[in-house]
$ cat my_file38.cif   # mmCIF, C-alpha atoms
data_upload
loop_
_atom_site.label_atom_id
_atom_site.label_comp_id
_atom_site.auth_asym_id
_atom_site.auth_seq_id
_atom_site.Cartn_x
_atom_site.Cartn_y
_atom_site.Cartn_z
CA MET A 1 -7.75 18.76 -40.32
CA ARG A 2 -10.85 17.38 -42.06
CA MET A 3 -12.48 20.81 -41.81
CA LEU A 4 -9.41 22.43 -43.35
CA ALA A 5 -9.36 19.98 -46.28
CA THR A 6 -13.09 20.39 -46.89
CA GLY A 7 -12.88 24.17 -46.53
CA LEU A 8 -10.07 24.30 -49.08
CA LEU A 9 -12.18 22.28 -51.54
CA VAL A 10 -15.17 24.60 -51.03
CA LEU A 11 -12.91 27.62 -51.47
CA MET A 12 -11.61 26.27 -54.81
CA ALA A 13 -15.19 25.69 -55.96
CA ALA A 14 -16.13 29.26 -55.05
CA VAL A 15 -13.03 30.64 -56.78
CA PHE A 16 -13.80 28.58 -59.89
CA LEU A 17 -17.38 29.83 -60.11
CA THR A 18 -16.35 33.44 -59.53
CA SER A 19 -13.41 33.39 -61.96
CA ARG A 20 -15.53 31.72 -64.62
CA GLN A 21 -18.07 34.52 -64.38
CA TYR A 22 -15.46 37.29 -64.65
CA GLU A 23 -12.95 35.53 -66.91
CA GLY A 24 -13.40 38.02 -69.74
CA LEU A 25 -12.33 41.00 -67.66
CA HIS A 26 -8.61 40.16 -67.69
CA PRO A 27 -6.42 37.36 -69.14
CA ALA A 28 -4.91 36.63 -65.71
CA ILE A 29 -8.30 35.48 -64.42
CA GLY A 30 -8.01 32.54 -66.82
CA PHE A 31 -5.03 31.30 -64.86
CA VAL A 32 -7.00 31.62 -61.62
CA ARG A 33 -9.92 29.68 -63.15
CA ALA A 34 -7.62 26.94 -64.46
CA PHE A 35 -5.92 26.57 -61.07
CA ALA A 36 -9.24 26.47 -59.17
CA GLU A 37 -10.85 24.08 -61.64
CA ALA A 38 -7.99 21.55 -61.53
CA ALA A 39 -7.64 21.95 -57.74
CA MET A 40 -11.35 21.27 -57.35
CA VAL A 41 -11.10 18.11 -59.50
CA GLY A 42 -8.01 16.89 -57.63
CA GLY A 43 -9.60 17.62 -54.23
CA LEU A 44 -12.82 15.83 -55.18
CA ALA A 45 -10.89 12.80 -56.45
CA ASP A 46 -8.86 12.51 -53.27
CA TRP A 47 -11.94 13.16 -51.09
CA PHE A 48 -13.66 10.25 -52.84
CA ALA A 49 -10.60 8.00 -52.44
CA VAL A 50 -10.17 8.78 -48.73
CA THR A 51 -13.88 8.54 -47.92
CA ALA A 52 -14.24 5.27 -49.84
CA LEU A 53 -11.81 3.63 -47.41
CA PHE A 54 -14.12 4.12 -44.42
CA ARG A 55 -17.67 4.59 -45.71
CA HIS A 56 -19.90 5.01 -48.78
CA PRO A 57 -19.41 8.53 -50.22
CA LEU A 58 -22.65 10.52 -49.80
CA HIS A 59 -24.17 7.25 -48.41
CA LEU A 60 -24.44 5.92 -51.96
CA PRO A 61 -23.77 2.14 -52.35
CA ILE A 62 -21.04 2.67 -54.94
CA PRO A 63 -19.08 -0.53 -55.68
CA HIS A 64 -15.66 -0.88 -54.05
CA THR A 65 -16.34 1.72 -51.36
CA ALA A 66 -16.55 1.34 -47.54
CA ILE A 67 -13.55 -0.93 -47.97
CA ILE A 68 -12.54 -1.23 -44.31
CA PRO A 69 -16.02 -2.05 -42.88
CA ARG A 70 -16.64 -4.64 -45.63
CA ASN A 71 -13.28 -6.31 -45.04
CA LYS A 72 -13.20 -6.16 -41.22
CA ASP A 73 -12.81 -9.91 -40.77
CA ARG A 74 -10.16 -10.14 -43.48
CA ILE A 75 -8.25 -7.30 -41.81
CA ALA A 76 -8.40 -9.20 -38.51
CA ASP A 77 -7.02 -12.35 -40.16
CA THR A 78 -4.36 -10.36 -42.01
CA MET A 79 -3.22 -8.66 -38.79
CA GLY A 80 -3.04 -12.03 -37.07
CA THR A 81 -1.03 -13.50 -39.94
CA PHE A 82 1.26 -10.47 -39.94
CA LEU A 83 1.91 -10.87 -36.22
CA ARG A 84 2.60 -14.58 -36.56
CA ASP A 85 4.87 -14.33 -39.62
CA ASN A 86 6.86 -11.26 -38.53
CA PHE A 87 6.95 -11.32 -34.74
CA LEU A 88 5.85 -14.63 -33.19
CA ILE A 89 8.04 -17.16 -34.99
CA PRO A 90 10.70 -18.40 -32.52
CA LYS A 91 13.52 -17.85 -35.03
CA VAL A 92 12.41 -14.26 -35.69
CA VAL A 93 11.93 -13.56 -31.99
CA ALA A 94 15.38 -14.95 -31.15
CA ARG A 95 17.04 -12.84 -33.86
CA ARG A 96 15.29 -9.65 -32.78
CA MET A 97 15.85 -10.25 -29.06
CA GLN A 98 19.56 -10.90 -29.64
CA ARG A 99 20.06 -7.23 -30.52
CA LEU A 100 18.09 -5.86 -27.57
CA ASP A 101 19.62 -4.84 -24.24
CA LEU A 102 16.42 -4.95 -22.22
CA ALA A 103 18.19 -4.89 -18.87
CA GLY A 104 20.21 -1.80 -19.82
CA ALA A 105 17.18 0.04 -21.16
CA ALA A 106 15.14 -0.86 -18.10
CA GLY A 107 18.01 0.20 -15.82
CA ARG A 108 18.37 3.61 -17.49
CA TRP A 109 14.64 4.24 -17.37
CA LEU A 110 14.27 3.11 -13.75
CA ALA A 111 17.24 5.21 -12.64
CA ASN A 112 15.87 8.37 -14.31
CA PRO A 113 12.19 7.73 -15.05
CA GLY A 114 11.16 11.37 -15.29
CA GLU A 115 14.11 12.88 -17.16
CA GLY A 116 12.71 14.40 -20.36
CA ARG A 117 10.26 11.57 -20.95
CA GLY A 118 6.99 12.99 -19.68
CA ARG A 119 5.13 12.88 -22.98
CA LEU A 120 6.61 9.51 -23.91
CA ARG A 121 5.68 8.08 -20.50
CA ALA A 122 2.15 9.45 -20.75
CA GLY A 123 1.74 8.12 -24.29
CA ILE A 124 3.00 4.67 -23.37
CA GLY A 125 0.71 4.72 -20.33
CA ARG A 126 -2.35 5.52 -22.43
CA LEU A 127 -1.45 2.85 -24.97
CA ALA A 128 -0.95 0.24 -22.24
CA ALA A 129 -4.25 1.19 -20.57
CA ASP A 130 -6.13 0.99 -23.88
CA MET A 131 -4.64 -2.44 -24.62
CA LEU A 132 -5.45 -3.79 -21.16
CA GLU A 133 -9.03 -2.54 -21.39
CA SER A 134 -9.70 -3.63 -24.97
CA LEU A 135 -8.50 -7.24 -24.70
CA ASP A 136 -10.75 -10.01 -23.45
CA GLN A 137 -9.74 -10.03 -19.78
CA GLU A 138 -11.24 -13.40 -18.90
CA ARG A 139 -9.56 -15.06 -21.84
CA LEU A 140 -6.29 -13.21 -21.28
CA GLY A 141 -6.30 -14.18 -17.60
CA GLY A 142 -7.01 -17.79 -18.57
CA MET A 143 -4.07 -17.77 -20.99
CA ALA A 144 -1.77 -16.35 -18.32
CA LYS A 145 -3.00 -18.93 -15.78
CA GLN A 146 -2.50 -21.77 -18.27
CA ALA A 147 0.97 -20.51 -19.17
CA LEU A 148 1.99 -20.29 -15.52
CA GLY A 149 0.50 -23.71 -14.76
CA ASN A 150 2.29 -25.35 -17.68
CA ARG A 151 5.60 -23.80 -16.67
CA LEU A 152 5.20 -24.92 -13.07
CA ARG A 153 4.24 -28.45 -14.13
CA ALA A 154 7.29 -28.71 -16.36
CA MET A 155 9.59 -27.28 -13.69
CA ALA A 156 11.23 -29.60 -11.15
CA VAL A 157 10.67 -27.50 -8.02
CA ALA A 158 12.23 -29.89 -5.49
CA PRO A 159 15.86 -29.36 -6.61
CA LEU A 160 15.27 -25.60 -6.82
CA ILE A 161 13.93 -25.47 -3.27
CA GLY A 162 16.74 -27.71 -2.08
CA ARG A 163 19.46 -25.56 -3.66
CA ALA A 164 17.83 -22.37 -2.37
CA LEU A 165 17.67 -23.78 1.17
CA GLU A 166 21.26 -25.04 0.94
CA THR A 167 22.49 -21.63 -0.26
CA ALA A 168 20.53 -19.83 2.45
CA MET A 169 22.06 -22.03 5.16
CA ARG A 170 25.55 -21.60 3.75
CA GLU A 171 25.16 -17.80 3.97
CA ASP A 172 23.34 -17.92 7.35
CA ARG A 173 20.20 -16.46 5.79
CA HIS A 174 18.08 -19.22 7.35
CA ARG A 175 18.49 -17.83 10.87
CA PRO A 176 15.59 -15.34 10.57
CA LEU A 177 13.39 -18.30 9.60
CA LEU A 178 14.40 -20.20 12.75
CA ASP A 179 13.91 -17.07 14.85
CA GLY A 180 10.45 -16.64 13.41
CA MET A 181 9.57 -20.27 14.16
CA ILE A 182 10.76 -19.85 17.77
CA ARG A 183 8.69 -16.69 18.22
CA TRP A 184 5.70 -18.48 16.76
CA ALA A 185 6.23 -21.40 19.18
CA ALA A 186 6.32 -18.98 22.12
CA LYS A 187 3.01 -17.41 21.07
CA VAL A 188 1.41 -20.83 20.56
CA LEU A 189 2.54 -21.96 24.02
CA GLU A 190 1.22 -18.81 25.64
CA ALA A 191 -2.13 -19.15 23.92
CA ASN A 192 -2.53 -22.83 24.87
CA GLU A 193 -1.38 -22.95 28.51
CA HIS A 194 -4.90 -23.88 29.57
CA LEU A 195 -4.76 -27.00 27.39
CA ILE A 196 -1.55 -28.18 29.13
CA ARG A 197 -3.10 -27.60 32.54
CA ALA A 198 -6.20 -29.53 31.51
CA MET A 199 -4.14 -32.46 30.20
CA VAL A 200 -2.08 -32.69 33.40
CA HIS A 201 -5.24 -32.46 35.53
CA GLU A 202 -6.97 -35.25 33.58
CA ARG A 203 -3.99 -37.60 33.80
CA SER A 204 -3.25 -36.99 37.51
CA GLY A 205 -4.50 -39.31 40.26
CA ALA A 206 -7.00 -38.34 42.94
CA VAL A 207 -4.28 -37.77 45.55
CA MET A 208 -2.40 -35.30 43.28
CA ARG A 209 -5.61 -33.47 42.53
CA TRP A 210 -6.59 -33.36 46.22
CA THR A 211 -3.16 -32.02 47.25
CA GLY A 212 -2.94 -29.58 44.31
CA LEU A 213 0.21 -31.17 42.97
CA ASP A 214 -1.31 -31.38 39.47
CA GLU A 215 -1.41 -27.59 39.28
CA THR A 216 2.19 -27.39 40.51
CA LEU A 217 3.31 -29.95 37.94
CA ALA A 218 1.52 -28.12 35.14
CA ASN A 219 3.18 -24.85 36.15
CA LYS A 220 6.59 -26.54 36.17
CA ILE A 221 6.02 -27.96 32.66
CA ILE A 222 4.87 -24.60 31.30
CA ASP A 223 7.75 -22.72 32.95
CA GLY A 224 10.22 -25.27 31.61
CA LEU A 225 8.89 -24.90 28.06
CA HIS A 226 9.04 -21.11 28.31
CA LYS A 227 12.64 -21.25 29.52
CA LEU A 228 13.55 -23.68 26.74
CA ILE A 229 12.07 -21.44 24.06
CA ALA A 230 13.73 -18.35 25.58
CA ALA A 231 17.08 -20.12 25.65
CA MET A 232 16.69 -21.12 21.99
CA ALA A 233 15.88 -17.53 21.10
CA GLU A 234 18.85 -16.08 22.98
CA GLU A 235 21.54 -18.68 22.22
CA PRO A 236 22.48 -19.07 18.55
CA ASP A 237 24.38 -22.27 19.39
CA HIS A 238 21.60 -23.91 21.41
CA PRO A 239 21.56 -27.72 20.90
CA LEU A 240 17.93 -27.74 19.72
CA ARG A 241 18.69 -25.04 17.15
CA ALA A 242 21.60 -27.17 15.98
CA LYS A 243 19.23 -30.14 15.63
CA ALA A 244 16.80 -27.97 13.63
CA GLU A 245 19.63 -26.85 11.36
CA GLU A 246 20.68 -30.47 10.87
CA GLY A 247 17.10 -31.27 9.86
CA LEU A 248 17.02 -28.38 7.38
CA ALA A 249 20.36 -29.41 5.90
CA GLN A 250 19.12 -32.99 5.50
CA LEU A 251 15.92 -31.71 3.89
CA ALA A 252 17.93 -29.58 1.42
CA PHE A 253 20.05 -32.63 0.50
CA ASP A 254 17.04 -34.95 0.15
CA LEU A 255 15.16 -32.49 -2.06
CA GLN A 256 18.10 -32.52 -4.46
CA HIS A 257 19.12 -36.18 -4.35
CA ASP A 258 16.35 -38.36 -2.83
CA PRO A 259 13.98 -39.59 -5.61
CA ASP A 260 11.20 -40.45 -3.13
CA LYS A 261 11.12 -37.00 -1.50
CA ARG A 262 11.35 -35.31 -4.90
CA ALA A 263 8.46 -37.42 -6.20
CA ARG A 264 6.34 -36.62 -3.13
CA LEU A 265 6.95 -32.89 -3.51
CA GLU A 266 6.18 -33.02 -7.25
CA ALA A 267 2.94 -34.89 -6.50
CA LEU A 268 2.02 -32.24 -3.93
CA LYS A 269 2.79 -29.52 -6.47
CA ASN A 270 0.56 -31.11 -9.13
CA GLU A 271 -2.21 -31.65 -6.59
CA LEU A 272 -2.10 -27.97 -5.70
CA LEU A 273 -2.13 -26.94 -9.37
CA ASP A 274 -5.20 -29.14 -9.97
CA ASN A 275 -7.05 -27.62 -7.03
CA PRO A 276 -9.88 -25.31 -8.22
CA ALA A 277 -9.30 -23.08 -5.19
CA LEU A 278 -5.78 -22.31 -6.46
CA ALA A 279 -7.20 -21.43 -9.89
CA ASP A 280 -9.67 -19.01 -8.30
CA TRP A 281 -6.90 -17.53 -6.18
CA TRP A 282 -4.69 -17.06 -9.23
CA LEU A 283 -7.46 -15.34 -11.20
CA GLY A 284 -7.99 -13.01 -8.24
CA ILE A 285 -4.27 -12.22 -8.18
CA TRP A 286 -4.32 -11.66 -11.94
CA GLU A 287 -7.26 -9.26 -11.71
CA SER A 288 -5.60 -7.37 -8.85
CA GLY A 289 -2.40 -7.15 -10.85
CA ARG A 290 -4.28 -5.96 -13.94
CA ALA A 291 -6.06 -3.30 -11.89
CA ALA A 292 -2.71 -2.15 -10.46
CA MET A 293 -1.20 -1.99 -13.97
CA LEU A 294 -4.16 0.07 -15.13
CA ARG A 295 -3.72 2.50 -12.24
CA ILE A 296 -0.03 2.91 -13.05
CA ALA A 297 -0.73 3.25 -16.78
CA ARG A 298 -3.35 5.96 -16.18
CA ASN A 299 -1.11 7.80 -13.70
CA PRO A 300 2.54 6.98 -14.55
CA ASP A 301 3.79 9.87 -12.37
CA ALA A 302 2.69 7.88 -9.30
CA MET A 303 5.63 5.54 -9.95
CA LEU A 304 8.03 8.42 -9.28
CA LYS A 305 7.02 8.92 -5.65
CA GLY A 306 7.57 7.16 -2.33
CA GLU A 307 9.59 4.14 -1.27
CA PHE A 308 8.55 2.18 -4.35
CA ALA A 309 10.19 4.80 -6.58
CA ALA A 310 13.38 4.73 -4.49
CA ALA A 311 13.55 0.95 -4.75
CA MET A 312 13.03 1.12 -8.52
CA ARG A 313 15.82 3.69 -8.90
CA GLN A 314 18.18 1.51 -6.89
CA LEU A 315 17.29 -1.46 -9.07
CA GLY A 316 17.95 0.63 -12.18
CA GLU A 317 21.39 1.65 -10.94
CA THR A 318 22.22 -1.96 -10.12
CA LEU A 319 21.19 -3.09 -13.61
CA GLN A 320 23.52 -0.52 -15.15
CA ARG A 321 26.49 -1.40 -12.93
CA ASP A 322 26.25 -5.19 -12.74
CA ALA A 323 27.02 -6.57 -16.21
CA ARG A 324 26.61 -10.14 -15.03
CA LEU A 325 23.11 -9.48 -13.68
CA ALA A 326 22.16 -7.58 -16.84
CA GLY A 327 23.40 -10.46 -19.00
CA THR A 328 21.42 -12.95 -16.96
CA ILE A 329 18.25 -10.88 -17.30
CA ASN A 330 18.73 -10.40 -21.05
CA ARG A 331 19.33 -14.12 -21.52
CA PHE A 332 16.26 -14.97 -19.46
CA ALA A 333 14.17 -12.45 -21.43
CA ARG A 334 15.32 -13.94 -24.74
CA ARG A 335 14.54 -17.47 -23.65
CA ALA A 336 11.19 -16.44 -22.21
CA ALA A 337 10.24 -14.57 -25.39
CA VAL A 338 11.26 -17.46 -27.64
CA GLY A 339 9.44 -19.95 -25.41
CA ALA A 340 6.31 -17.78 -25.33
CA ALA A 341 6.37 -17.40 -29.12
CA SER A 342 6.75 -21.15 -29.56
CA ASP A 343 4.10 -22.18 -27.04
CA TYR A 344 1.57 -19.37 -27.24
CA GLY A 345 2.16 -17.57 -30.54
CA ASP A 346 -0.89 -19.12 -32.18
CA GLY A 347 -3.00 -18.33 -29.11
CA ILE A 348 -1.90 -14.68 -29.16
CA VAL A 349 -2.67 -14.44 -32.86
CA ARG A 350 -6.15 -15.90 -32.31
CA LEU A 351 -6.69 -13.51 -29.40
CA VAL A 352 -5.86 -10.46 -31.54
CA SER A 353 -7.83 -11.74 -34.53
CA ASP A 354 -10.91 -12.71 -32.50
CA THR A 355 -10.84 -9.41 -30.59
CA ILE A 356 -10.89 -7.41 -33.85
CA ARG A 357 -13.57 -9.71 -35.28
CA GLY A 358 -15.65 -9.01 -32.17
CA TRP A 359 -15.62 -5.26 -32.82
CA ASP A 360 -18.44 -3.91 -34.94
CA ALA A 361 -17.65 -2.24 -38.26
CA GLN A 362 -18.19 1.25 -36.83
CA THR A 363 -15.68 0.64 -34.03
CA VAL A 364 -13.00 -0.64 -36.41
CA THR A 365 -13.60 2.26 -38.79
CA GLY A 366 -13.52 4.83 -36.01
CA ARG A 367 -10.29 3.52 -34.47
CA LEU A 368 -8.43 3.26 -37.78
CA GLU A 369 -9.67 6.67 -38.87
CA ASN A 370 -8.48 8.22 -35.61
CA VAL A 371 -5.03 6.70 -36.11
CA VAL A 372 -4.45 7.56 -39.78
CA GLY A 373 -7.22 10.07 -40.50
CA ARG A 374 -5.04 13.16 -40.07
CA ASP A 375 -2.53 11.94 -42.64
CA LEU A 376 -5.36 11.07 -45.02
CA GLN A 377 -6.67 14.62 -44.79
CA TYR A 378 -3.21 15.83 -45.80
CA ILE A 379 -3.63 13.66 -48.89
CA ARG A 380 -6.80 15.63 -49.72
CA ILE A 381 -5.01 18.93 -49.20
CA ASN A 382 -2.04 17.83 -51.29
CA GLY A 383 -4.38 16.58 -54.02
CA THR A 384 -6.11 19.96 -54.14
CA VAL A 385 -2.83 21.92 -54.33
CA VAL A 386 -1.10 19.57 -56.78
CA GLY A 387 -4.19 19.42 -58.98
CA GLY A 388 -4.31 23.20 -59.07
CA LEU A 389 -0.64 23.46 -60.03
CA VAL A 390 -1.09 20.89 -62.81
CA GLY A 391 -4.10 22.78 -64.13
CA LEU A 392 -2.18 26.03 -63.97
CA GLY A 393 0.69 24.48 -65.93
CA ILE A 394 -1.62 23.07 -68.61
CA HIS A 395 -3.35 26.44 -69.01
CA ALA A 396 0.01 28.21 -69.30
CA VAL A 397 1.07 25.78 -72.08
CA ASP A 398 -2.23 26.40 -73.92
CA VAL A 399 -1.72 30.16 -73.71
CA LEU A 400 1.86 29.94 -74.99
CA LEU A 401 0.90 27.67 -77.88
#
$ encode --input "my_file38.cif" --output "structure tokens"
Amino acid sequence: MRMLATGLLVLMAAVFLTSRQYEGLHPAIGFVRAFAEAAMVGGLADWFAVTALFRHPLHLPIPHTAIIPRNKDRIADTMGTFLRDNFLIPKVVARRMQRLDLAGAAGRWLANPGEGRGRLRAGIGRLAADMLESLDQERLGGMAKQALGNRLRAMAVAPLIGRALETAMREDRHRPLLDGMIRWAAKVLEANEHLIRAMVHERSGAVMRWTGLDETLANKIIDGLHKLIAAMAEEPDHPLRAKAEEGLAQLAFDLQHDPDKRARLEALKNELLDNPALADWWLGIWESGRAAMLRIARNPDAMLKGEFAAAMRQLGETLQRDARLAGTINRFARRAAVGAASDYGDGIVRLVSDTIRGWDAQTVTGRLENVVGRDLQYIRINGTVVGGLVGLGIHAVDVLL
């Protein structure tokens, strides 16, 4: 488009020079000269205006040119202020989120992710990939880790775990957990039979060792434990399973109502959150998640294949059918967005502002010119055409008068 605008300007200059030379041959050539002359002036004026936004015209240090490179830092601050004042104020976020049906939109897209949205999906994927790559990953990961840590610290996890365990037991969803524990106990016993034999041998007297009764006793103990574990696995109403269920039920109650147990669990939670190993683990998870998001963003069609795609379609259909679930998700999204704007709005603004400040002037100029440059070239073309028409009109008036 830049070549077209420049070519049109050169063409008007050539037409002006040619028509000026042969103007005396016919009165109509005067109209051609007037059109070309005014078009050339209009094109030059708009070329200067457009070029002055991004660089010095003809590399001359003319005042009030190269506006964007000279004001890079001010643009960064202005963009940050714009984000904060128009998007990241809790009141504004709440008002905007109130009108959005995120669950419904997500459900429709997940149910039919490839239906007429190929270009949109590819464009969104490229935009997401560019954003993930351009932002300061270490700082962004640190912000996400801090946000998650603050939420977990403020959250009382003991009652949540207690209610979840209570609900699971009420719906018999705890049985797979008990079955898994029994299978694990069987494997542990099988792997440590030699330790039981050694313990019985060490604690037996000389007579038992001499007669071999220690080995017989050890075998009886091991066989008895195997039979006990097998019976627990096969009998849902086994007394020991009932005792285990009683213990789980008591634990669920204590986690909800016992201040001492709740305090101990909260202390354990805070100790884990303060552990540097957990921070390293979280950053590794964040980086893995970011890499996965980049892969999906670069190849969004991969989401439409395999078991993952089937699960996503089923989730989308559920979101469209279940109004209660959709309402819960929308409410959670609104609260999360308002909370994020309140707690981290200033941090997001600083992140955007500092990222743009970190770019050099050439990078900022290049990215803005790529975004709006095509429309600016249309301004040059329009200036050339409109200028020519104005010149043609003025010349016509002069001829008539």
$ resolve_selection --input "my_file38.cif" --expression "the PyMOL selection byres ((chain A and resi 198) around 12)" --output "number ranges by chain"
A: 192-197, 199-204, 209, 214-215, 217-219
$ write_last_selection --input "my_file38.cif" --atoms "C-alpha atoms" --output "compact mmCIF listing (two decimals), in the frame of the given file"
# COMPACT_ATOMS: atom_id res chain seq x y z
CA ASN A 192 -2.53 -22.83 24.87
CA GLU A 193 -1.38 -22.95 28.51
CA HIS A 194 -4.90 -23.88 29.57
CA LEU A 195 -4.76 -27.00 27.39
CA ILE A 196 -1.55 -28.18 29.13
CA ARG A 197 -3.10 -27.60 32.54
CA MET A 199 -4.14 -32.46 30.20
CA VAL A 200 -2.08 -32.69 33.40
CA HIS A 201 -5.24 -32.46 35.53
CA GLU A 202 -6.97 -35.25 33.58
CA ARG A 203 -3.99 -37.60 33.80
CA SER A 204 -3.25 -36.99 37.51
CA ARG A 209 -5.61 -33.47 42.53
CA ASP A 214 -1.31 -31.38 39.47
CA GLU A 215 -1.41 -27.59 39.28
CA LEU A 217 3.31 -29.95 37.94
CA ALA A 218 1.52 -28.12 35.14
CA ASN A 219 3.18 -24.85 36.15
$ residues_around --input "my_file38.cif" --residues "A:Thr65" --least-positions-apart "5" --cutoff "8 Å" --atoms "only C-alpha atoms" --output "JSON, numbers by chain"
{"A": [52, 53, 54, 55, 56, 57]}
$ residues_near_point --input "my_file38.cif" --point "(-7.8, 9.0, -50.6)" --cutoff "12 Å" --atoms "all atoms listed in the file" --output "VMD selection string"
chain A and resid 5 42 to 55 57 65 67 372 to 384
$ residues_around --input "my_file38.cif" --residues "A:Ala233" --least-positions-apart "5" --cutoff "12 Å" --atoms "only C-alpha atoms" --output "JSON, numbers by chain"
{"A": [175, 176, 177, 178, 179, 180, 181, 182, 183, 184, 185, 186, 226, 227, 228, 238, 239, 240, 241]}
$ atom_distance --input "my_file38.cif" --atom1 "atom CA of A:Met232" --atom2 "atom CA of A:Glu246"
15.1 Å
$ resolve_selection --input "my_file38.cif" --expression "the PyMOL selection byres ((chain A and resi 349) around 8)" --output "list in words"
Gly80, Thr81, Leu83, Arg84, Gly345, Asp346, Gly347, Ile348, Arg350, Leu351, Val352 and Ser353 of chain A
$ residues_around --input "my_file38.cif" --residues "A:Leu102" --least-positions-apart "5" --cutoff "8 Å" --atoms "all atoms listed in the file" --output "PyMOL selection string"
chain A and resi 329-330+333
$ write_last_selection --input "my_file38.cif" --atoms "C-alpha atoms" --output "PDB file, in the coordinates of the input"
ATOM      1  CA  ILE A 329      18.250 -10.880 -17.300  1.00  0.00           C
ATOM      2  CA  ASN A 330      18.730 -10.400 -21.050  1.00  0.00           C
ATOM      3  CA  ALA A 333      14.170 -12.450 -21.430  1.00  0.00           C
TER       4      ALA A 333
END
$ atom_distance --input "my_file38.cif" --atom1 "atom CA of A:Gly162" --atom2 "atom CA of A:His174"
12.8 Å
$ atom_distance --input "my_file38.cif" --atom1 "atom CA of A:Met3" --atom2 "atom CA of A:Arg70"
26.1 Å
$ closest_residue --input "my_file38.cif" --among "A:Gln314, A:Gln320, A:Thr167, A:Asn275" --to "A:Ala252" --atoms "all atoms listed in the file"
A:Thr167
$ axis_aligned_box --input "my_file38.cif" --around "stretch 4-18 of chain A" --padding-each-side "5 Å" --output "lines of an AutoDock Vina configuration file"
center_x = -13.4
center_y = 26.7
center_z = -51.7
size_x = 18.0
size_y = 23.5
size_z = 26.8
$ resolve_selection --input "my_file38.cif" --expression "the PyMOL selection byres ((chain A and resi 165) around 12)" --output "PyMOL selection string"
chain A and resi 158-164+166-175+177+245+247-256
$ residues_near_point --input "my_file38.cif" --point "(-2.7, 24.0, -58.5)" --cutoff "10 Å" --atoms "only C-alpha atoms" --output "list in words"
Met12, Phe31, Val32, Ala34, Phe35, Ala36, Glu37, Ala38, Ala39, Met40, Gly42, Asn382, Gly383, Thr384, Val385, Val386, Gly387, Gly388, Leu389, Val390, Gly391, Leu392 and Gly393 of chain A
$ closest_residue --input "my_file38.cif" --among "A:Ala337, A:Lys243, A:Lys220, A:Lys72" --to "A:Met97" --atoms "only C-alpha atoms"
A:Ala337
$ closest_residue --input "my_file38.cif" --among "A:Glu23, A:Asp73, A:Asp360, A:Glu266" --to "A:Met155" --atoms "all atoms listed in the file"
A:Glu266
$ decode --input "my_file38.cif" --residues "stretch 232-241 of chain A" --atoms "N, CA, C and O atoms" --output "PDB file, in the first residue's frame"
ATOM      1  N   MET A 232     -10.387 -57.398  53.141  1.00  0.00           N
ATOM      2  CA  MET A 232     -10.788 -55.993  53.089  1.00  0.00           C
ATOM      3  C   MET A 232     -11.071 -55.557  51.660  1.00  0.00           C
ATOM      4  O   MET A 232     -11.976 -54.753  51.408  1.00  0.00           O
ATOM      5  N   ALA A 233     -10.277 -56.093  50.722  1.00  0.00           N
ATOM      6  CA  ALA A 233     -10.474 -55.720  49.319  1.00  0.00           C
ATOM      7  C   ALA A 233     -11.759 -56.321  48.747  1.00  0.00           C
ATOM      8  O   ALA A 233     -12.417 -55.701  47.908  1.00  0.00           O
ATOM      9  N   GLU A 234     -12.120 -57.509  49.197  1.00  0.00           N
ATOM     10  CA  GLU A 234     -13.264 -58.211  48.612  1.00  0.00           C
ATOM     11  C   GLU A 234     -14.579 -57.891  49.316  1.00  0.00           C
ATOM     12  O   GLU A 234     -15.640 -58.009  48.707  1.00  0.00           O
ATOM     13  N   GLU A 235     -14.540 -57.512  50.579  1.00  0.00           N
ATOM     14  CA  GLU A 235     -15.761 -57.315  51.356  1.00  0.00           C
ATOM     15  C   GLU A 235     -15.980 -55.818  51.637  1.00  0.00           C
ATOM     16  O   GLU A 235     -15.278 -55.221  52.463  1.00  0.00           O
ATOM     17  N   PRO A 236     -16.935 -55.216  50.971  1.00  0.00           N
ATOM     18  CA  PRO A 236     -17.195 -53.786  51.201  1.00  0.00           C
ATOM     19  C   PRO A 236     -17.603 -53.467  52.634  1.00  0.00           C
ATOM     20  O   PRO A 236     -17.402 -52.342  53.095  1.00  0.00           O
ATOM     21  N   ASP A 237     -18.170 -54.472  53.342  1.00  0.00           N
ATOM     22  CA  ASP A 237     -18.628 -54.232  54.714  1.00  0.00           C
ATOM     23  C   ASP A 237     -17.664 -54.798  55.752  1.00  0.00           C
ATOM     24  O   ASP A 237     -18.076 -55.078  56.896  1.00  0.00           O
ATOM     25  N   HIS A 238     -16.418 -54.967  55.383  1.00  0.00           N
ATOM     26  CA  HIS A 238     -15.425 -55.516  56.326  1.00  0.00           C
ATOM     27  C   HIS A 238     -15.290 -54.571  57.542  1.00  0.00           C
ATOM     28  O   HIS A 238     -15.321 -53.339  57.390  1.00  0.00           O
ATOM     29  N   PRO A 239     -15.158 -55.139  58.751  1.00  0.00           N
ATOM     30  CA  PRO A 239     -15.079 -54.282  59.951  1.00  0.00           C
ATOM     31  C   PRO A 239     -13.953 -53.253  59.895  1.00  0.00           C
ATOM     32  O   PRO A 239     -14.138 -52.116  60.358  1.00  0.00           O
ATOM     33  N   LEU A 240     -12.794 -53.635  59.352  1.00  0.00           N
ATOM     34  CA  LEU A 240     -11.688 -52.669  59.300  1.00  0.00           C
ATOM     35  C   LEU A 240     -11.987 -51.533  58.317  1.00  0.00           C
ATOM     36  O   LEU A 240     -11.583 -50.389  58.537  1.00  0.00           O
ATOM     37  N   ARG A 241     -12.676 -51.864  57.225  1.00  0.00           N
ATOM     38  CA  ARG A 241     -13.087 -50.788  56.305  1.00  0.00           C
ATOM     39  C   ARG A 241     -14.063 -49.852  57.003  1.00  0.00           C
ATOM     40  O   ARG A 241     -14.029 -48.634  56.814  1.00  0.00           O
TER      41      ARG A 241
END
